[in-house]
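J.: Here's a structure for you.
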Amino acid sequence: MWLQIGIFGSLVAIVLALVLSVRRVRDGIISSTIYKKGFAIHMNIFSRIHNKAIENHKKELFSKLSLMLNNIEGDILEIGAGTGANFKFFPPGSSVIALDPNPHMEWYLKSNCAKFPHIYLKQCVTGFAEEIKEVQENSVAAVVCTLTLCSVSDIAKVLQEVKRILKPVSSER
């Protein structure tokens, strides 16, 4: 019986892989409300597990952000903020603009933000990093992006937007 279940499960996985390899089908599923809600739930759970696994590494990386923010004031834009997995690691007093294409992340994001009173969630933006109209040119001190660039459609456009919105920094300090 277990062999039959294993074979059936393998066949289902193969059929799903084939179906999802058709771009129209995959895009239709990924853009559906049910998928987006499910993905938000998944990321809320996954990010806690992921953060525990790499907590020391994140602390080290975000300590560098803290040092950088001593030299320039302003908001932090987080691209792909998801459910707020990085909030724990932001420096005290951080003002955060959270960008995510999935509108169903916002409830988890705000709920998780309440657990970290050392940060201020200035704005939640539903949108894509390739075109961040809601953020003005030369207006943010830092941009944070974790586990996101693999899912954007045009990395070059994202980096152009990052360059556009970052405040200029003088090296003459």
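Simple scheme: letters A, B, ... for chains in structure tokens order, numbers from 1 for residues in each chain, numbers from 1 for ligands in the order shown.
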A:Leu166: which residues within 9 Å, counting only C-alpha atoms, same-chain residues fewer than 4 positions away excluded, as a PyMOL selection string?
T.: chain A and resi 137-143+161-162
J.: Keeping N, CA and C atoms, export the residues of the selection given above as a PDB file, in the first residue's frame.
T.:
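To be explicit, this is the file written out as again-v5.pdb:
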ATOM      1  N   GLU A 137      12.595  60.193  -5.669  1.00  0.00           N
ATOM      2  CA  GLU A 137      14.016  60.177  -6.013  1.00  0.00           C
ATOM      3  C   GLU A 137      14.850  60.736  -4.857  1.00  0.00           C
ATOM      4  N   ASN A 138      16.013  60.118  -4.617  1.00  0.00           N
ATOM      5  CA  ASN A 138      16.953  60.577  -3.585  1.00  0.00           C
ATOM      6  C   ASN A 138      16.302  60.724  -2.211  1.00  0.00           C
ATOM      7  N   SER A 139      15.462  59.771  -1.816  1.00  0.00           N
ATOM      8  CA  SER A 139      14.691  59.956  -0.585  1.00  0.00           C
ATOM      9  C   SER A 139      14.944  58.930   0.517  1.00  0.00           C
ATOM     10  N   VAL A 140      15.601  57.820   0.231  1.00  0.00           N
ATOM     11  CA  VAL A 140      15.812  56.817   1.281  1.00  0.00           C
ATOM     12  C   VAL A 140      17.298  56.663   1.590  1.00  0.00           C
ATOM     13  N   ALA A 141      17.560  56.336   2.850  1.00  0.00           N
ATOM     14  CA  ALA A 141      18.950  56.185   3.301  1.00  0.00           C
ATOM     15  C   ALA A 141      19.520  54.819   2.943  1.00  0.00           C
ATOM     16  N   ALA A 142      18.653  53.815   2.922  1.00  0.00           N
ATOM     17  CA  ALA A 142      19.132  52.453   2.654  1.00  0.00           C
ATOM     18  C   ALA A 142      18.029  51.625   2.013  1.00  0.00           C
ATOM     19  N   VAL A 143      18.445  50.605   1.282  1.00  0.00           N
ATOM     20  CA  VAL A 143      17.519  49.642   0.692  1.00  0.00           C
ATOM     21  C   VAL A 143      17.950  48.262   1.154  1.00  0.00           C
ATOM     22  N   GLU A 161      16.050  51.443 -10.104  1.00  0.00           N
ATOM     23  CA  GLU A 161      15.134  52.063  -9.145  1.00  0.00           C
ATOM     24  C   GLU A 161      15.825  52.293  -7.798  1.00  0.00           C
ATOM     25  N   VAL A 162      16.613  51.326  -7.359  1.00  0.00           N
ATOM     26  CA  VAL A 162      17.354  51.477  -6.105  1.00  0.00           C
ATOM     27  C   VAL A 162      18.278  52.689  -6.202  1.00  0.00           C
TER      28      VAL A 162
END
J.: So that each row is one residue of stretch 111-142 of chain A with an atom at most 6 Å from stretch 79-98 of chain A, can you give its shortest atom pair and the distance in Å to one decimal, using only C-alpha atoms, rows by chain and rising number, as JSON lines?
T.:
{"residue": "A:His118", "atom": "CA", "partner": "A:Pro92", "partner_atom": "CA", "distance": 4.8}
{"residue": "A:Ile119", "atom": "CA", "partner": "A:Ser94", "partner_atom": "CA", "distance": 4.8}
{"residue": "A:Tyr120", "atom": "CA", "partner": "A:Ser95", "partner_atom": "CA", "distance": 4.7}
{"residue": "A:Leu121", "atom": "CA", "partner": "A:Val96", "partner_atom": "CA", "distance": 4.9}
{"residue": "A:Lys122", "atom": "CA", "partner": "A:Val96", "partner_atom": "CA", "distance": 5.5}
{"residue": "A:Gln123", "atom": "CA", "partner": "A:Ile97", "partner_atom": "CA", "distance": 4.8}
{"residue": "A:Cys124", "atom": "CA", "partner": "A:Ala98", "partner_atom": "CA", "distance": 4.8}
{"residue": "A:Val125", "atom": "CA", "partner": "A:Ala98", "partner_atom": "CA", "distance": 6.0}
J.: Which one of A:Leu149, A:Met105, A:Leu69, A:Ile14 sits closest to A:Thr33 if you count only C-alpha atoms?
T.: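 Checking each of A:Leu149, A:Met105, A:Leu69, A:Ile14 against A:Thr33, counting only C-alpha atoms, the winner is A:Met105.
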J.: Using only C-alpha atoms, which residue out of A:Glu130, A:Asp154, A:Asp27, A:Asp75 lies closest to A:Pro101?
T.: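 Looking only at the distances to A:Pro101, the closest residue turns out to be A:Glu130.
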J.: Smallest atom-to-atom distance to A:Val135: which of A:Leu65, A:Ile41, A:Ile49, A:Leu77, using only C-alpha atoms?
T.: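 Checking each candidate against A:Val135, we get A:Leu77 as the closest.
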J.: Can you work out which one of A:Lys59, A:His50, A:Lys37, A:Lys167 has the shortest atom-to-atom distance to A:Gln136, counting only C-alpha atoms?
T.: A:Lys167
J.: Closest to A:Ala40 among A:Val169, A:Ile54, A:Leu147, A:Leu109, using only C-alpha atoms?
T.: A:Leu109
J.: Would you please give, as a PyMOL selection string, all residues of chain A that DSSP assigns to strand (DSSP E) based on the backbone?
T.: chain A and resi 75-79+94-100+119-126+140-145
J.: Put those residues in a file: N, CA, C and O atoms, as a compact mmCIF listing (two decimals), in the first residue's frame.
T.:
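So out-v1.txt came out as:
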# COMPACT_ATOMS: atom_id res chain seq x y z
N ASP A 75 14.76 57.09 5.74
CA ASP A 75 14.00 55.84 5.77
C ASP A 75 14.80 54.69 5.17
O ASP A 75 15.72 54.90 4.39
N ILE A 76 14.37 53.49 5.54
CA ILE A 76 14.87 52.27 4.93
C ILE A 76 13.74 51.73 4.06
O ILE A 76 12.61 51.59 4.53
N LEU A 77 14.02 51.44 2.82
CA LEU A 77 13.05 50.76 1.96
C LEU A 77 13.41 49.29 1.95
O LEU A 77 14.56 48.93 1.67
N GLU A 78 12.44 48.45 2.29
CA GLU A 78 12.67 47.01 2.17
C GLU A 78 11.90 46.49 0.98
O GLU A 78 10.67 46.55 0.94
N ILE A 79 12.65 45.98 0.01
CA ILE A 79 12.05 45.38 -1.19
C ILE A 79 11.72 43.93 -0.86
O ILE A 79 12.57 43.18 -0.41
N SER A 94 14.56 52.82 13.41
CA SER A 94 14.43 52.73 11.95
C SER A 94 13.02 53.10 11.50
O SER A 94 12.03 52.69 12.11
N SER A 95 12.95 53.86 10.43
CA SER A 95 11.69 54.18 9.77
C SER A 95 11.68 53.38 8.47
O SER A 95 12.56 53.54 7.63
N VAL A 96 10.69 52.50 8.32
CA VAL A 96 10.70 51.52 7.24
C VAL A 96 9.54 51.74 6.27
O VAL A 96 8.39 51.92 6.69
N ILE A 97 9.87 51.70 4.99
CA ILE A 97 8.87 51.64 3.92
C ILE A 97 8.93 50.21 3.40
O ILE A 97 9.99 49.75 2.96
N ALA A 98 7.83 49.50 3.49
CA ALA A 98 7.78 48.09 3.11
C ALA A 98 7.12 47.94 1.74
O ALA A 98 5.98 48.36 1.55
N LEU A 99 7.86 47.34 0.81
CA LEU A 99 7.35 47.11 -0.55
C LEU A 99 7.20 45.61 -0.78
O LEU A 99 8.13 44.84 -0.53
N ASP A 100 6.03 45.21 -1.25
CA ASP A 100 5.80 43.81 -1.60
C ASP A 100 4.69 43.74 -2.63
O ASP A 100 3.71 44.48 -2.53
N ILE A 119 11.08 49.83 15.80
CA ILE A 119 11.01 50.35 14.43
C ILE A 119 9.66 51.03 14.19
O ILE A 119 8.68 50.76 14.89
N TYR A 120 9.65 51.89 13.20
CA TYR A 120 8.43 52.59 12.81
C TYR A 120 8.12 52.20 11.37
O TYR A 120 8.93 52.42 10.48
N LEU A 121 6.95 51.60 11.16
CA LEU A 121 6.51 51.24 9.81
C LEU A 121 5.83 52.47 9.21
O LEU A 121 4.68 52.77 9.51
N LYS A 122 6.58 53.18 8.40
CA LYS A 122 6.11 54.43 7.82
C LYS A 122 5.05 54.22 6.75
O LYS A 122 4.07 54.95 6.68
N GLN A 123 5.26 53.18 5.92
CA GLN A 123 4.37 52.99 4.78
C GLN A 123 4.46 51.55 4.29
O GLN A 123 5.53 50.96 4.26
N CYS A 124 3.31 51.01 3.88
CA CYS A 124 3.24 49.72 3.18
C CYS A 124 2.86 50.02 1.74
O CYS A 124 1.86 50.70 1.49
N VAL A 125 3.66 49.53 0.81
CA VAL A 125 3.41 49.77 -0.60
C VAL A 125 3.23 48.42 -1.28
O VAL A 125 4.10 47.55 -1.18
N THR A 126 2.09 48.25 -1.95
CA THR A 126 1.89 47.05 -2.76
C THR A 126 2.36 47.39 -4.17
O THR A 126 1.80 48.28 -4.81
N VAL A 140 15.60 57.82 0.23
CA VAL A 140 15.81 56.82 1.28
C VAL A 140 17.30 56.66 1.59
O VAL A 140 18.16 56.84 0.73
N ALA A 141 17.56 56.34 2.85
CA ALA A 141 18.95 56.19 3.30
C ALA A 141 19.52 54.82 2.94
O ALA A 141 20.72 54.69 2.71
N ALA A 142 18.65 53.81 2.92
CA ALA A 142 19.13 52.45 2.65
C ALA A 142 18.03 51.63 2.01
O ALA A 142 16.84 51.91 2.20
N VAL A 143 18.45 50.61 1.28
CA VAL A 143 17.52 49.64 0.69
C VAL A 143 17.95 48.26 1.15
O VAL A 143 19.12 47.91 1.07
N VAL A 144 16.98 47.51 1.66
CA VAL A 144 17.22 46.15 2.12
C VAL A 144 16.44 45.21 1.22
O VAL A 144 15.29 45.48 0.88
N CYS A 145 17.08 44.11 0.85
CA CYS A 145 16.43 43.13 -0.03
C CYS A 145 16.99 41.76 0.29
O CYS A 145 18.17 41.50 0.07
